[in-house]
Amino acid sequence: MAHVQSLDPSASPLDFYGWELRRRREAVGLKQGQLGEIIFCTGSLIGQIETTKKVPTRDFSERLDAALGTDGVFSRLVGLVLRSQLPTWFQPYAEMEARATYISTYQAQLVYGLVQTEEYARAVLATGMPDDLEGLVSARMERQRILEREQPPLAWAILDEAVLHRPIGGREVMRNQLARLLEFTRHRWMRIQVLPFVTGEHSSLAGSFTAMRFENDPDIVYTEDLISGHMTASPEAIREAARRYAHLQAAALSIEDSAALITRVMEERYGNRPEPEERAVA
């Protein structure tokens with residue numbers, strides 16, 4: 001008899017998901033390959049998810065629910081699973097972000113995570129050489145679901161102009177990413193401004209930061225260093241962040257002028273021209 005890996009469903013959300021998938025599949029008398037045929041994947045993938053070797057996606061989970069008649073069980077579980085794939089130090093921030101009613105962020109280096117395209121996110125996350133890149137990408141895409149809620153947080157992002165010019169992932173990835181930013185020009189809950197190069201010195205030369213407000217909890221300011229993130233509810237830090245953000249908003253282009261700049265950079269820097277060929281190594 002083939003060895004069946006035992007799982008401890010209390011070990012992690014991923015372990016519970018795999019354990020529950022195996023339990024539900026066996027309860028309806030389906031082998032891994034048979035379930036795979038129903039939801040258009042391989043039996044090997046079913047086995048890998050059951051044994052926590054692969055992280056499930058939301059699409060996979062929704063197909064599971066439809067096939068097994070589980071009334072959204074796996075669609076609800078996958079949110080916990082994907083959040084658990086985030087770096088341990090980042091998980092508290094993601095939990096607070098999901099509860100925030102107002103988010104204001106200044107990003108000096110990269111497009112704000114909640115509005116990144118999947119390809120842009122993959123290129124960014126790959127720089128850390130993670131063990132499970134696809135799990136991290138799925139987790140980042142899962143975070144963005146807060147903008148799809150019936151009552152999402154009001155979010156305001158100021159991007160340094162350098163963000164538009166830094167070619168993360170190549171020309172096509174950047175063109176698609178800037179097009180994604182333009183989709184928010186008339187978005188009801190998300191606003192994007194660009195801090196132009198001509199501003200020169202400004203109130204946040206020290207780097208990026210994010211402030212969050214909540215219904216019943218104190219405001220929080222979040223910053224990151226090389227290897228971790230830091231949250232504080234210190235009133236002094238909150239006041240200083242608010243002061244700096246007000247100065248950044250005053251110096252940034254209007255939403256309309258920001259969209260015009262994004263469009264110009266998208267066309268001039270990332271227009272539909274052939275990618276340069278890589279020079280052959282002798």
# chains A, B, ... in the order shown; residues from 1 in each chain; ligands from 1
>>> select_by_dssp(residues="segment 144-261 of chain A", states="helix (DSSP H, G or I)", output="count of residues only")
49
>>> select_by_dssp(residues="segment 23-205 of chain A", states="strand (DSSP E)", output="ChimeraX atom specification")
/A:102-107,154-160,190-195
>>> residues_around(residues="Pro218 of chain A", least_positions_apart="3", cutoff="8 Å", atoms="only C-alpha atoms", output="PDB file with N, CA and C atoms, in the first residue's frame")
ATOM      1  N   ARG A 213      -6.030  54.236   9.207  1.00  0.00           N
ATOM      2  CA  ARG A 213      -7.042  54.579  10.203  1.00  0.00           C
ATOM      3  C   ARG A 213      -8.064  53.452  10.294  1.00  0.00           C
ATOM      4  N   PHE A 214      -8.692  53.338  11.471  1.00  0.00           N
ATOM      5  CA  PHE A 214      -9.616  52.241  11.721  1.00  0.00           C
ATOM      6  C   PHE A 214     -10.897  52.760  12.362  1.00  0.00           C
ATOM      7  N   ALA A 233       1.734  52.978  16.953  1.00  0.00           N
ATOM      8  CA  ALA A 233       0.547  53.787  17.210  1.00  0.00           C
ATOM      9  C   ALA A 233       0.904  55.000  18.056  1.00  0.00           C
TER      10      ALA A 233
END
>>> closest_residue(among="A:Ile192, A:Cys41, A:Val173, A:Leu178", to="Ala157 of chain A", atoms="only C-alpha atoms")
A:Ile192
>>> residues_around(residues="Pro152 of chain A", least_positions_apart="4", cutoff="10 Å", atoms="only C-alpha atoms", output="PDB file with C-alpha atoms, in the first residue's frame")
ATOM      1  CA  ALA A  98      -7.563  44.299   5.817  1.00  0.00           C
ATOM      2  CA  ARG A  99      -9.355  46.122   8.667  1.00  0.00           C
ATOM      3  CA  ALA A 100      -8.413  49.703   7.764  1.00  0.00           C
ATOM      4  CA  THR A 101     -11.026  52.255   6.755  1.00  0.00           C
ATOM      5  CA  TYR A 102      -8.480  54.732   5.351  1.00  0.00           C
ATOM      6  CA  ARG A 145      -9.296  41.893  -2.735  1.00  0.00           C
ATOM      7  CA  ILE A 146      -9.959  44.523  -0.068  1.00  0.00           C
ATOM      8  CA  LEU A 147     -10.386  47.041  -2.908  1.00  0.00           C
ATOM      9  CA  GLU A 148     -13.178  44.876  -4.368  1.00  0.00           C
ATOM     10  CA  ARG A 188     -14.305  55.914  -6.279  1.00  0.00           C
ATOM     11  CA  TRP A 189     -12.143  54.602  -3.436  1.00  0.00           C
ATOM     12  CA  MET A 190      -8.543  54.703  -4.704  1.00  0.00           C
TER      13      MET A 190
END
>>> atom_distance(atom1="atom CA of Val198 of chain A", atom2="atom CA of Trp156 of chain A")
21.3 Å
